[in-house]
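Shown next: entry-v5.cif, containing mmCIF, C-alpha atoms.
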data_model
#
loop_
_atom_site.label_atom_id
_atom_site.label_comp_id
_atom_site.auth_asym_id
_atom_site.auth_seq_id
_atom_site.Cartn_x
_atom_site.Cartn_y
_atom_site.Cartn_z
CA MET A 700 74.74 25.52 -12.64
CA LYS A 701 71.13 26.71 -12.93
CA ARG A 702 72.33 30.02 -14.29
CA PHE A 703 74.39 28.27 -16.97
CA THR A 704 71.43 26.07 -17.97
CA PHE A 705 69.15 29.11 -18.21
CA VAL A 706 71.66 31.03 -20.37
CA ALA A 707 72.20 28.00 -22.64
CA LEU A 708 68.44 27.55 -23.04
CA LEU A 709 67.98 31.26 -23.78
CA LEU A 710 70.75 31.24 -26.41
CA SER A 711 69.29 28.13 -27.98
CA CYS A 712 65.87 29.78 -28.33
CA LEU A 713 67.35 32.98 -29.75
CA THR A 714 69.51 31.25 -32.35
CA SER A 715 66.71 28.97 -33.49
CA THR A 716 64.44 32.00 -33.89
CA VAL A 717 67.06 34.04 -35.77
CA PHE A 718 68.09 31.26 -38.12
CA ALA A 719 64.65 29.75 -38.67
CA GLN A 720 63.75 29.35 -42.32
CA THR A 721 60.40 30.77 -43.29
CA GLU A 722 58.59 29.13 -46.17
CA PRO A 723 57.50 31.38 -49.00
CA PRO A 724 53.74 31.88 -49.17
CA ALA A 725 51.73 29.70 -51.53
CA ILE A 726 49.72 31.40 -54.29
CA PHE A 727 46.97 29.86 -56.37
CA VAL A 728 46.47 31.58 -59.73
CA ALA A 729 42.78 31.33 -60.60
CA PRO A 730 42.09 30.00 -64.09
CA THR A 731 40.76 32.27 -66.83
CA SER A 732 38.85 31.41 -69.97
CA ASP A 733 41.75 32.55 -72.18
CA GLY A 734 44.53 30.66 -70.34
CA PHE A 735 46.23 33.82 -69.05
CA GLU A 736 47.00 32.07 -65.74
CA VAL A 737 49.73 30.07 -67.50
CA TYR A 738 51.49 33.30 -68.49
CA ILE A 739 51.18 34.66 -64.95
CA THR A 740 52.56 31.46 -63.41
CA ALA A 741 55.55 31.51 -65.78
CA ALA A 742 56.15 35.20 -65.07
CA ILE A 743 56.10 34.63 -61.30
CA ARG A 744 58.90 32.08 -61.74
CA LYS A 745 60.83 34.21 -64.26
CA LYS A 746 60.72 37.35 -62.09
CA ALA A 747 61.71 35.34 -58.97
CA VAL A 748 58.70 36.36 -56.92
CA PRO A 749 59.29 34.95 -53.42
CA ALA A 750 56.23 32.69 -53.51
CA VAL A 751 55.31 29.17 -54.48
CA VAL A 752 52.57 28.65 -57.06
CA VAL A 753 50.25 25.77 -56.20
CA ASP A 754 47.62 24.03 -58.32
CA LYS A 755 44.85 23.77 -55.71
CA PRO A 756 43.25 26.72 -53.93
CA GLU A 757 43.02 24.83 -50.63
CA ASN A 758 46.84 24.62 -50.52
CA ALA A 759 47.30 28.37 -50.93
CA ALA A 760 47.61 31.26 -48.52
CA TYR A 761 46.67 33.67 -51.34
CA THR A 762 44.65 33.51 -54.54
CA LEU A 763 45.63 35.69 -57.50
CA LYS A 764 42.50 36.48 -59.51
CA PRO A 765 43.15 37.84 -63.01
CA ALA A 766 40.36 39.60 -64.89
CA GLN A 767 39.55 38.77 -68.49
CA ILE A 768 41.91 40.50 -70.93
CA GLN A 769 40.14 43.35 -72.69
CA VAL A 770 41.38 44.10 -76.22
CA HIS A 771 40.73 47.58 -77.60
CA LYS A 772 41.01 47.42 -81.37
CA GLU A 773 41.87 50.44 -83.47
CA THR A 774 39.53 50.85 -86.40
CA THR A 775 40.93 51.09 -89.91
CA GLY A 776 39.64 54.64 -90.16
CA SER A 777 41.40 55.76 -86.99
CA LYS A 778 44.62 54.08 -88.15
CA VAL A 779 44.46 55.95 -91.47
CA MET A 780 43.77 59.26 -89.74
CA LYS A 781 46.64 58.74 -87.28
CA CYS A 782 48.99 57.88 -90.13
CA LEU A 783 47.96 61.00 -92.02
CA PHE A 784 48.32 63.39 -89.11
CA ALA A 785 50.54 61.71 -86.52
CA TYR A 786 53.06 59.70 -88.56
CA CYS A 787 51.39 56.35 -87.79
CA ALA A 788 52.09 56.72 -84.07
CA ASP A 789 50.01 54.70 -81.63
CA ILE A 790 48.05 52.65 -84.17
CA ASP A 791 48.44 49.24 -82.51
CA ASP A 792 45.58 47.53 -80.73
CA LYS A 793 45.79 47.76 -76.94
CA ALA A 794 45.00 45.27 -74.21
CA SER A 795 44.38 45.67 -70.52
CA THR A 796 43.73 43.47 -67.54
CA SER A 797 43.86 43.62 -63.76
CA VAL A 798 44.56 41.23 -60.92
CA GLN A 799 43.62 40.98 -57.27
CA LEU A 800 45.56 39.10 -54.60
CA VAL A 801 43.13 37.78 -52.01
CA ASP A 802 44.06 36.16 -48.71
CA SER A 803 42.36 33.09 -47.22
CA LYS A 804 39.79 35.29 -45.44
CA GLY A 805 38.71 36.95 -48.68
CA VAL A 806 40.49 40.25 -48.01
CA ILE A 807 42.00 41.92 -51.08
CA VAL A 808 45.58 42.57 -50.00
CA TRP A 809 46.98 43.82 -53.33
CA SER A 810 45.72 44.72 -56.80
CA TYR A 811 47.24 45.91 -60.05
CA ALA A 812 46.06 46.96 -63.51
CA VAL A 813 48.18 46.81 -66.65
CA ASN A 814 47.75 48.26 -70.16
CA LYS A 815 49.96 47.22 -73.06
CA GLY A 816 50.11 47.82 -76.78
CA ARG A 817 49.85 45.13 -79.46
CA GLY A 818 46.60 43.77 -78.05
CA ALA A 819 46.25 40.14 -77.03
CA LYS A 820 49.61 39.30 -78.64
CA ASN A 821 51.34 40.81 -75.62
CA GLN A 822 50.12 38.46 -72.86
CA GLN A 823 53.65 37.57 -71.76
CA SER A 824 54.60 41.20 -71.29
CA MET A 825 51.41 41.88 -69.33
CA ALA A 826 52.02 38.85 -67.08
CA GLU A 827 55.63 39.89 -66.45
CA ALA A 828 54.50 43.38 -65.47
CA ILE A 829 52.07 41.83 -62.99
CA ALA A 830 54.78 39.57 -61.50
CA LYS A 831 57.30 42.43 -61.32
CA HIS A 832 54.88 44.67 -59.42
CA LEU A 833 53.70 41.81 -57.20
CA LYS A 834 57.31 41.25 -56.15
CA SER A 835 58.20 44.92 -55.68
CA GLU A 836 54.97 46.15 -54.10
CA PHE A 837 53.56 43.26 -52.09
CA PHE A 838 56.60 41.19 -51.08
CA ARG A 839 58.87 44.15 -50.27
CA ARG A 840 56.77 45.39 -47.36
#

If you convert what's in this file into structure tokens, what do you get?
Amino acid sequence: MKRFTFVALLLSCLTSTVFAQTEPPAIFVAPTSDGFEVYITAAIRKKAVPAVVVDKPENAAYTLKPAQIQVHKETTGSKVMKCLFAYCADIDDKASTSVQLVDSKGVIVWSYAVNKGRGAKNQQSMAEAIAKHLKSEFFRR
């Protein structure tokens, strides 16, 4: 009888461990002066990143810190020259930003930089690139 009880207890522990649901980690997206955190939050949902976005840093296991978007404007002169010699290729303004994912101890566990054409008009595309790489590089370990 003791043997049966031990085996039943062991099976119970194993099945509860195997079938236990793990909660997705909570991420707080730090606010930026240009509101880019809204685009990142939407992109995390759209790209189905296995994480929950929270609105308070104390509720999060990780903080995603985006840098200010830097817009690199093409001058009119360089646009004219490119159109004369390169068939108007690559004349759009460009934008770049980077993000760091920091754990609760302050350790940077992941970072990513993105560059896109069309300047600040392309915030959604930049945010989706961040979310896509967050999912494929950090959560696929």

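Pairwise distance (CA of Arg817 (chain A), CA of Ser797 (chain A)) equals 16.9 Å.
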
Contacts of region 737-752 of chain A at 9 Å or less, counting only C-alpha atoms, minus same-chain residues fewer than 4 places along, as a list of chain:residue names?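 With the cut-off at 9 Å, the set is A:Glu722, A:Pro723, A:Pro724, A:Ala725, A:Ile726, A:Phe727, A:Val728, A:Pro730, A:Ala759, A:Pro765, A:Gln822, A:Gln823, A:Ser824, A:Met825, A:Ala826, A:Glu827, A:Ala828, A:Ile829, A:Ala830, A:Lys831, A:Leu833, A:Lys834, A:Ser835, A:Phe838.
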
Based on the selection just made, write C-alpha atoms of those residues as a PDB file, in the frame of the given file.
ATOM      1  CA  GLU A 722      58.590  29.130 -46.170  1.00  0.00           C
ATOM      2  CA  PRO A 723      57.500  31.380 -49.000  1.00  0.00           C
ATOM      3  CA  PRO A 724      53.740  31.880 -49.170  1.00  0.00           C
ATOM      4  CA  ALA A 725      51.730  29.700 -51.530  1.00  0.00           C
ATOM      5  CA  ILE A 726      49.720  31.400 -54.290  1.00  0.00           C
ATOM      6  CA  PHE A 727      46.970  29.860 -56.370  1.00  0.00           C
ATOM      7  CA  VAL A 728      46.470  31.580 -59.730  1.00  0.00           C
ATOM      8  CA  PRO A 730      42.090  30.000 -64.090  1.00  0.00           C
ATOM      9  CA  ALA A 759      47.300  28.370 -50.930  1.00  0.00           C
ATOM     10  CA  PRO A 765      43.150  37.840 -63.010  1.00  0.00           C
ATOM     11  CA  GLN A 822      50.120  38.460 -72.860  1.00  0.00           C
ATOM     12  CA  GLN A 823      53.650  37.570 -71.760  1.00  0.00           C
ATOM     13  CA  SER A 824      54.600  41.200 -71.290  1.00  0.00           C
ATOM     14  CA  MET A 825      51.410  41.880 -69.330  1.00  0.00           C
ATOM     15  CA  ALA A 826      52.020  38.850 -67.080  1.00  0.00           C
ATOM     16  CA  GLU A 827      55.630  39.890 -66.450  1.00  0.00           C
ATOM     17  CA  ALA A 828      54.500  43.380 -65.470  1.00  0.00           C
ATOM     18  CA  ILE A 829      52.070  41.830 -62.990  1.00  0.00           C
ATOM     19  CA  ALA A 830      54.780  39.570 -61.500  1.00  0.00           C
ATOM     20  CA  LYS A 831      57.300  42.430 -61.320  1.00  0.00           C
ATOM     21  CA  LEU A 833      53.700  41.810 -57.200  1.00  0.00           C
ATOM     22  CA  LYS A 834      57.310  41.250 -56.150  1.00  0.00           C
ATOM     23  CA  SER A 835      58.200  44.920 -55.680  1.00  0.00           C
ATOM     24  CA  PHE A 838      56.600  41.190 -51.080  1.00  0.00           C
TER      25      PHE A 838
END

Residues within 9 Å of Trp809 (chain A), only C-alpha atoms, excluding chain neighbours under 3 positions, as a VMD selection string: chain A and resid 798 to 801 833 836 to 837

Any chance you could work out the residue set of the PyMOL selection byres ((chain A and resi 804) around 12) here, as an MDAnalysis selection string? chainID A and resid 759:762 800:803 805:808

As an NGL selection string, please: the residues near Lys815 (chain A) (cut-off 7 Å, all atoms listed in the file, same-chain neighbours under 4 positions excluded). :A and (793-795 or 825)

Which distance in Å separates CA of Ala766 (chain A) and CA of Asp754 (chain A), to one decimal?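 Computing the Euclidean distance for CA of Ala766 (chain A) and CA of Asp754 (chain A) yields 18.4 Å.
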
Point-to-point distance in Å for CA of Glu736 (chain A) and CA of Glu757 (chain A): 17.2 Å

With only C-alpha atoms as the basis for distance, which of A:Ile768, A:Thr774, A:Phe735, A:Val753 is at the shortest distance from Ala812 (chain A)?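 Result for the nearest residue to Ala812 (chain A): A:Ile768.
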
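Proximity to Lys755 (chain A) was assessed for A:Ser810, A:Ala729, A:Lys820, A:Gly776 counting only C-alpha atoms; the smallest distance is recorded for A:Ala729.
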
Mind completing region 808-839 of chain A with N, CA and C atoms? Output as a short mmCIF file (atom, residue, chain, number, x, y, z; two decimals), keeping the file's coordinate frame, please?
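Produced file selection-v8.cif, reproduced below:
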data_model
loop_
_atom_site.label_atom_id
_atom_site.label_comp_id
_atom_site.auth_asym_id
_atom_site.auth_seq_id
_atom_site.Cartn_x
_atom_site.Cartn_y
_atom_site.Cartn_z
N VAL A 808 44.38 42.03 -50.63
CA VAL A 808 45.58 42.57 -50.00
C VAL A 808 46.46 43.33 -51.00
N TRP A 809 46.20 43.13 -52.30
CA TRP A 809 46.98 43.82 -53.33
C TRP A 809 46.21 43.74 -54.65
N SER A 810 46.33 44.77 -55.47
CA SER A 810 45.72 44.72 -56.80
C SER A 810 46.58 45.54 -57.76
N TYR A 811 46.43 45.24 -59.04
CA TYR A 811 47.24 45.91 -60.05
C TYR A 811 46.51 45.85 -61.38
N ALA A 812 46.63 46.91 -62.16
CA ALA A 812 46.06 46.96 -63.51
C ALA A 812 47.19 47.26 -64.49
N VAL A 813 47.13 46.64 -65.66
CA VAL A 813 48.18 46.81 -66.65
C VAL A 813 47.54 47.05 -68.02
N ASN A 814 48.15 47.95 -68.79
CA ASN A 814 47.75 48.26 -70.16
C ASN A 814 48.97 48.12 -71.04
N LYS A 815 48.84 47.42 -72.14
CA LYS A 815 49.96 47.22 -73.06
C LYS A 815 49.48 47.37 -74.49
N GLY A 816 50.40 47.75 -75.36
CA GLY A 816 50.11 47.82 -76.78
C GLY A 816 50.18 46.44 -77.40
N ARG A 817 49.84 46.35 -78.66
CA ARG A 817 49.85 45.13 -79.46
C ARG A 817 48.76 44.14 -79.06
N GLY A 818 47.78 44.59 -78.33
CA GLY A 818 46.60 43.77 -78.05
C GLY A 818 46.89 42.47 -77.33
N ALA A 819 46.15 41.44 -77.70
CA ALA A 819 46.25 40.14 -77.03
C ALA A 819 47.56 39.43 -77.34
N LYS A 820 48.33 39.93 -78.31
CA LYS A 820 49.61 39.30 -78.64
C LYS A 820 50.65 39.54 -77.55
N ASN A 821 50.36 40.41 -76.62
CA ASN A 821 51.34 40.81 -75.62
C ASN A 821 51.04 40.24 -74.23
N GLN A 822 50.49 39.05 -74.16
CA GLN A 822 50.12 38.46 -72.86
C GLN A 822 51.34 38.22 -71.97
N GLN A 823 52.45 37.81 -72.56
CA GLN A 823 53.65 37.57 -71.76
C GLN A 823 54.13 38.85 -71.10
N SER A 824 54.16 39.93 -71.84
CA SER A 824 54.60 41.20 -71.29
C SER A 824 53.66 41.68 -70.17
N MET A 825 52.37 41.49 -70.36
CA MET A 825 51.41 41.88 -69.33
C MET A 825 51.61 41.04 -68.07
N ALA A 826 51.82 39.74 -68.23
CA ALA A 826 52.02 38.85 -67.08
C ALA A 826 53.31 39.19 -66.35
N GLU A 827 54.37 39.52 -67.10
CA GLU A 827 55.63 39.89 -66.45
C GLU A 827 55.52 41.20 -65.70
N ALA A 828 54.73 42.14 -66.20
CA ALA A 828 54.50 43.38 -65.47
C ALA A 828 53.77 43.11 -64.16
N ILE A 829 52.80 42.20 -64.20
CA ILE A 829 52.07 41.83 -62.99
C ILE A 829 53.02 41.20 -61.97
N ALA A 830 53.85 40.25 -62.41
CA ALA A 830 54.78 39.57 -61.50
C ALA A 830 55.81 40.55 -60.93
N LYS A 831 56.30 41.44 -61.77
CA LYS A 831 57.30 42.43 -61.32
C LYS A 831 56.72 43.32 -60.22
N HIS A 832 55.50 43.80 -60.42
CA HIS A 832 54.88 44.67 -59.42
C HIS A 832 54.43 43.89 -58.19
N LEU A 833 54.03 42.66 -58.35
CA LEU A 833 53.70 41.81 -57.20
C LEU A 833 54.93 41.66 -56.30
N LYS A 834 56.06 41.41 -56.91
CA LYS A 834 57.31 41.25 -56.15
C LYS A 834 57.72 42.56 -55.48
N SER A 835 57.69 43.66 -56.23
CA SER A 835 58.20 44.92 -55.68
C SER A 835 57.23 45.62 -54.73
N GLU A 836 55.94 45.43 -54.93
CA GLU A 836 54.97 46.15 -54.10
C GLU A 836 54.42 45.33 -52.94
N PHE A 837 54.15 44.06 -53.16
CA PHE A 837 53.56 43.26 -52.09
C PHE A 837 54.61 42.56 -51.22
N PHE A 838 55.63 41.98 -51.84
CA PHE A 838 56.60 41.19 -51.08
C PHE A 838 57.75 42.01 -50.54
N ARG A 839 57.80 43.29 -50.81
CA ARG A 839 58.87 44.15 -50.27
C ARG A 839 58.41 44.97 -49.09
#
